[in-house]
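Novice: Once you've had a glance at the structure underneath, I'll fire off some questions.
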Amino acid sequence: MARRLEGIIVAMVTPFKEDESLDEDGLRALTRVLVDKGVHGLFPGGSQGEFYALSSDEQRRVLDVTLDAAEGKPFVVAHAGAITTREAISMARYAERAGADAVAAITPFYVSPSQDELYQHYAEVCAAVSLPVLGYNNPGRTAVQLQPVTTARIAREAANFVGVKDSSGDLTQFTEYIRLGPTGFRAFMGRDSLIFPALLCGAAGAVAATANVAPEYIVGIYDAVRAGDNARGLDLQRRLSPLRIAFGMGTFPVVVKEAMGLLGLPAGPTRRPVGPLSEETRARLRDVLQQMGILPAGRA
């Protein structure tokens with residue numbers, strides 16, 4: 001493997017213009033901001049990136065723009081998730097040609113595959129590329145659970161199935177991915193309120209949507225734990241968690257984009273039917289950002 005996958009990976013938003021068209025300039029600017037903040041990796045076109053609302057051509061363009069703007073500094077994990085194995089393989093092969101460092105594939109959704117079908121799905125994606133492949137478990141969005149026994153089975157038989165991003169919020173399950181996986185199997189926490197405990201339990205890092213808004217907090221948690229300063233890591237986690245909890249203020253994934261807008265970062269609207277926050281709710285979100293110390297008091 002050319003680059004080791006570990007650390008803080010940003011689950012990037014996809015910036016749109018007011019007419020909901022792709023904002024390539026905004027995406028380039030956001031990529032540069034995140035690189036400058038010292039994140040270790042970028043994950044464009046995932047759930048926070050509204051992959052479900054993008055055409056295949058747009059997904060490819062988002063990856064191309066991100067890779068170009070990143071200039072090889074952080075590693076880039078491309079999203080290759082799809083309902084069908086055929087489409088997931090197509091996206092993974094494109095990512096390999098484009099120069100991505102790895103791919104992550106959310107479980108096929110809507111069709112509710114069995115664990116044997118998930119095994120076959122990921123085995124075929126892994127066989128189609130030489131890139132490292134990460135499973136992506138997000139049962140709250142897909143209603144499909146990628147079980148630790150299944151990831152361990154895939155990893156034993158596909159050398160490039162190297163890890164999993166788990167957004168279930170189940171810390172016991174998260175530790176089972178690590179315990180059952182082969183030596184070196186990497187589990188990335190996908191629930192931002194659990195980054196600190198996940199790192200203490202052996203996580204390789206986190207894939208964090210809140211890192212679009214507060215990258216210093218998430219990188220700080222990671223650096224603190226790696227340095228053995230658990231008190232600082234816990235303090236940063238406690239200060240970050242209200243932002244993750246604020247996701248419930250609106251329909252996913254609008255809250256992160258609204259927070260970025262309050263901070264003057266490129267994000268734009270979500271694609272409909274997901275709409276903006278009300279003024280009252282936006283004011284509550286502003287209070288969260290001010291209490292975190294990342295938005296000056298009195299700023300509109």
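To be explicit about the labels: the chains of the structure tokens are called A, B, and onward in the order shown, and within each one the residues are counted from 1, while ligands get numbers from 1 in the order they are shown.
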Give me the residues near Arg3 of chain A as a ChimeraX atom specification, where near means some atom within 12 Å (using only C-alpha atoms) and where sequence neighbours in that chain fewer than 4 positions away do not count.

Specialist: /A:7,40-41,72-77,100-102,131-132

Novice: Let's see if you can do this: from backbone DSSP, list all alpha helix (DSSP H) residues in segment 2-142 of chain A, as a VMD selection string.

Specialist: chain A and resid 24 to 36 56 to 70 85 to 98 115 to 128 139 to 142

Novice: Give me a file of those residues, with C-alpha atoms, as a PDB file, in the first residue's frame.

Specialist:
ATOM      1  CA  GLU A  24     -16.426  23.514  -8.431  1.00  0.00           C
ATOM      2  CA  ASP A  25     -14.719  26.698  -7.250  1.00  0.00           C
ATOM      3  CA  GLY A  26     -16.258  26.202  -3.824  1.00  0.00           C
ATOM      4  CA  LEU A  27     -15.108  22.584  -3.744  1.00  0.00           C
ATOM      5  CA  ARG A  28     -11.557  23.611  -4.602  1.00  0.00           C
ATOM      6  CA  ALA A  29     -11.595  26.304  -1.934  1.00  0.00           C
ATOM      7  CA  LEU A  30     -12.971  23.926   0.696  1.00  0.00           C
ATOM      8  CA  THR A  31     -10.357  21.307  -0.161  1.00  0.00           C
ATOM      9  CA  ARG A  32      -7.566  23.838   0.269  1.00  0.00           C
ATOM     10  CA  VAL A  33      -8.988  25.010   3.623  1.00  0.00           C
ATOM     11  CA  LEU A  34      -9.097  21.451   4.932  1.00  0.00           C
ATOM     12  CA  VAL A  35      -5.583  20.708   3.696  1.00  0.00           C
ATOM     13  CA  ASP A  36      -4.328  23.831   5.447  1.00  0.00           C
ATOM     14  CA  SER A  56     -22.589   9.302 -11.788  1.00  0.00           C
ATOM     15  CA  ASP A  57     -20.885  11.991 -13.855  1.00  0.00           C
ATOM     16  CA  GLU A  58     -21.132  14.453 -10.978  1.00  0.00           C
ATOM     17  CA  GLN A  59     -19.676  11.923  -8.538  1.00  0.00           C
ATOM     18  CA  ARG A  60     -16.708  11.462 -10.835  1.00  0.00           C
ATOM     19  CA  ARG A  61     -16.278  15.195 -11.251  1.00  0.00           C
ATOM     20  CA  VAL A  62     -16.354  15.763  -7.479  1.00  0.00           C
ATOM     21  CA  LEU A  63     -13.561  13.218  -7.113  1.00  0.00           C
ATOM     22  CA  ASP A  64     -11.502  14.721  -9.935  1.00  0.00           C
ATOM     23  CA  VAL A  65     -11.758  18.256  -8.548  1.00  0.00           C
ATOM     24  CA  THR A  66     -10.895  17.124  -5.021  1.00  0.00           C
ATOM     25  CA  LEU A  67      -7.862  15.161  -6.177  1.00  0.00           C
ATOM     26  CA  ASP A  68      -6.614  18.099  -8.207  1.00  0.00           C
ATOM     27  CA  ALA A  69      -7.097  20.629  -5.405  1.00  0.00           C
ATOM     28  CA  ALA A  70      -5.591  18.345  -2.749  1.00  0.00           C
ATOM     29  CA  THR A  85     -22.347  -4.397  -7.327  1.00  0.00           C
ATOM     30  CA  ARG A  86     -21.993  -3.518 -11.002  1.00  0.00           C
ATOM     31  CA  GLU A  87     -22.187   0.220 -10.309  1.00  0.00           C
ATOM     32  CA  ALA A  88     -19.933  -0.004  -7.245  1.00  0.00           C
ATOM     33  CA  ILE A  89     -17.273  -1.728  -9.339  1.00  0.00           C
ATOM     34  CA  SER A  90     -17.596   0.928 -12.043  1.00  0.00           C
ATOM     35  CA  MET A  91     -17.087   3.713  -9.498  1.00  0.00           C
ATOM     36  CA  ALA A  92     -14.155   1.897  -7.846  1.00  0.00           C
ATOM     37  CA  ARG A  93     -12.408   1.373 -11.163  1.00  0.00           C
ATOM     38  CA  TYR A  94     -12.860   5.036 -12.041  1.00  0.00           C
ATOM     39  CA  ALA A  95     -11.403   6.036  -8.671  1.00  0.00           C
ATOM     40  CA  GLU A  96      -8.347   3.888  -9.320  1.00  0.00           C
ATOM     41  CA  ARG A  97      -7.797   5.437 -12.752  1.00  0.00           C
ATOM     42  CA  ALA A  98      -8.301   8.938 -11.336  1.00  0.00           C
ATOM     43  CA  GLN A 115     -24.635 -11.060   5.011  1.00  0.00           C
ATOM     44  CA  ASP A 116     -23.659 -13.616   2.353  1.00  0.00           C
ATOM     45  CA  GLU A 117     -24.703 -11.167  -0.353  1.00  0.00           C
ATOM     46  CA  LEU A 118     -22.705  -8.398   1.322  1.00  0.00           C
ATOM     47  CA  TYR A 119     -19.691 -10.692   1.455  1.00  0.00           C
ATOM     48  CA  GLN A 120     -19.989 -11.390  -2.270  1.00  0.00           C
ATOM     49  CA  HIS A 121     -20.539  -7.704  -3.054  1.00  0.00           C
ATOM     50  CA  TYR A 122     -17.368  -6.551  -1.316  1.00  0.00           C
ATOM     51  CA  ALA A 123     -15.351  -9.511  -2.553  1.00  0.00           C
ATOM     52  CA  GLU A 124     -16.197  -8.568  -6.138  1.00  0.00           C
ATOM     53  CA  VAL A 125     -15.378  -4.891  -5.583  1.00  0.00           C
ATOM     54  CA  CYS A 126     -12.033  -5.873  -4.064  1.00  0.00           C
ATOM     55  CA  ALA A 127     -11.265  -8.206  -6.978  1.00  0.00           C
ATOM     56  CA  ALA A 128     -11.980  -5.430  -9.482  1.00  0.00           C
ATOM     57  CA  PRO A 139     -27.462   1.292   9.165  1.00  0.00           C
ATOM     58  CA  GLY A 140     -29.286   4.447  10.219  1.00  0.00           C
ATOM     59  CA  ARG A 141     -29.306   5.533   6.558  1.00  0.00           C
ATOM     60  CA  THR A 142     -29.362   2.195   4.744  1.00  0.00           C
TER      61      THR A 142
END

Novice: Of the residues A:Gly38, A:Pro215, A:Gly228, A:Gly99, which is the one nearest to Met260 of chain A, using only C-alpha atoms?

Specialist: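 Closest to Met260 of chain A of all the choices is A:Pro215.
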
Novice: Would you mind telling me which residue in A:Gly190, A:Gly250, A:Gly261, A:Pro242 lies nearest to Glu280 of chain A when using only C-alpha atoms?

Specialist: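 Closest residue, counting only C-alpha atoms: A:Gly250.
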
Novice: Name all residues at most 10 Å from Ala11 of chain A (count only C-alpha atoms; drop same-chain ones fewer than 2 positions away) and give them as JSON, numbers by chain.

Specialist: {"A": [8, 9, 13, 14, 41, 42, 43, 44, 45, 46, 47, 48, 49, 77, 190, 206, 207, 208, 209, 210, 211, 212]}

Novice: Please report, as a compact mmCIF listing (two decimals) with N, CA and C atoms, in the first residue's frame, each residue of segment 25-182 of chain A to which DSSP assigns strand (DSSP E) when run on this structure's backbone.

Specialist:
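Okay, this is what ended up in part_22.txt:
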# COMPACT_ATOMS: atom_id res chain seq x y z
N GLY A 41 -6.84 12.98 5.72
CA GLY A 41 -7.47 12.43 4.53
C GLY A 41 -8.76 13.13 4.19
N LEU A 42 -9.21 12.93 2.97
CA LEU A 42 -10.45 13.52 2.47
C LEU A 42 -11.34 12.41 1.92
N PHE A 43 -12.64 12.53 2.17
CA PHE A 43 -13.62 11.55 1.69
C PHE A 43 -14.72 12.32 0.97
N PHE A 75 -4.33 12.02 1.89
CA PHE A 75 -4.80 10.94 1.03
C PHE A 75 -6.29 11.15 0.74
N VAL A 76 -6.75 10.62 -0.35
CA VAL A 76 -8.15 10.79 -0.78
C VAL A 76 -8.79 9.42 -0.91
N VAL A 77 -9.89 9.25 -0.19
CA VAL A 77 -10.69 8.03 -0.25
C VAL A 77 -11.93 8.34 -1.08
N ALA A 78 -12.09 7.66 -2.20
CA ALA A 78 -13.24 7.88 -3.07
C ALA A 78 -14.41 7.03 -2.61
N HIS A 79 -15.61 7.57 -2.75
CA HIS A 79 -16.79 6.77 -2.41
C HIS A 79 -17.24 5.97 -3.62
N ALA A 102 -7.65 5.19 -2.04
CA ALA A 102 -8.46 4.08 -1.55
C ALA A 102 -9.90 4.34 -1.95
N VAL A 103 -10.74 3.34 -1.77
CA VAL A 103 -12.18 3.52 -1.97
C VAL A 103 -12.91 3.02 -0.74
N ALA A 104 -14.04 3.64 -0.45
CA ALA A 104 -14.95 3.17 0.59
C ALA A 104 -16.31 2.99 -0.06
N ALA A 105 -16.98 1.90 0.28
CA ALA A 105 -18.27 1.60 -0.34
C ALA A 105 -19.32 1.34 0.73
N ILE A 106 -20.33 2.19 0.76
CA ILE A 106 -21.44 1.97 1.67
C ILE A 106 -22.16 0.69 1.27
N VAL A 133 -9.66 -1.15 -0.06
CA VAL A 133 -11.11 -0.99 -0.01
C VAL A 133 -11.56 -0.98 1.45
N LEU A 134 -12.42 -0.03 1.78
CA LEU A 134 -13.04 0.05 3.11
C LEU A 134 -14.53 -0.25 2.98
N GLY A 135 -15.05 -1.09 3.86
CA GLY A 135 -16.48 -1.21 3.99
C GLY A 135 -17.02 0.03 4.69
N TYR A 136 -18.30 0.29 4.51
CA TYR A 136 -18.91 1.49 5.10
C TYR A 136 -20.27 1.07 5.65
N ASN A 137 -20.35 1.04 6.97
CA ASN A 137 -21.56 0.62 7.67
C ASN A 137 -22.30 1.84 8.21
N PHE A 161 -9.06 -5.66 1.21
CA PHE A 161 -10.15 -5.19 2.08
C PHE A 161 -9.53 -4.89 3.43
N VAL A 162 -9.20 -3.60 3.65
CA VAL A 162 -8.29 -3.25 4.74
C VAL A 162 -8.97 -2.68 5.96
N GLY A 163 -10.27 -2.37 5.88
CA GLY A 163 -10.89 -1.76 7.04
C GLY A 163 -12.34 -1.43 6.83
N VAL A 164 -12.89 -0.70 7.79
CA VAL A 164 -14.30 -0.34 7.75
C VAL A 164 -14.50 1.02 8.38
N LYS A 165 -15.44 1.77 7.81
CA LYS A 165 -15.95 2.97 8.45
C LYS A 165 -17.29 2.61 9.07
N ASP A 166 -17.42 2.80 10.38
CA ASP A 166 -18.64 2.41 11.07
C ASP A 166 -19.35 3.63 11.62

Novice: Of the candidates A:Ile221, A:Glu258, A:Leu199, A:Gly264, which shows the shortest atom-to-atom distance to Thr281 of chain A, using only C-alpha atoms?

Specialist: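 Once distances to Thr281 of chain A are computed over only C-alpha atoms, the minimum belongs to A:Glu258.
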
Novice: Kindly give the distance, in Å, that separates atom CA of Leu277 of chain A and atom CA of Arg244 of chain A, rounded to a single decimal.

Specialist: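 Between atom CA of Leu277 of chain A and atom CA of Arg244 of chain A the gap is 15.9 Å.
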
Novice: Restricting the calculation to only C-alpha atoms, which member of A:Leu194, A:Glu216, A:Glu157, A:Leu263 is positioned closest to Leu295 of chain A?

Specialist: A:Leu263

Novice: Smallest atom-to-atom distance to Ser114 of chain A: which of A:Ala259, A:Leu171, A:Ala204, A:Val144, using only C-alpha atoms?

Specialist: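 Of all the options, A:Val144 lies closest to Ser114 of chain A.
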
Novice: If you measure from atom CA of Arg271 of chain A to atom CA of Ser168 of chain A, what distance in Å do you get, rounded to one decimal?

Specialist: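 Result for atom CA of Arg271 of chain A versus atom CA of Ser168 of chain A: 24.5 Å, one decimal.
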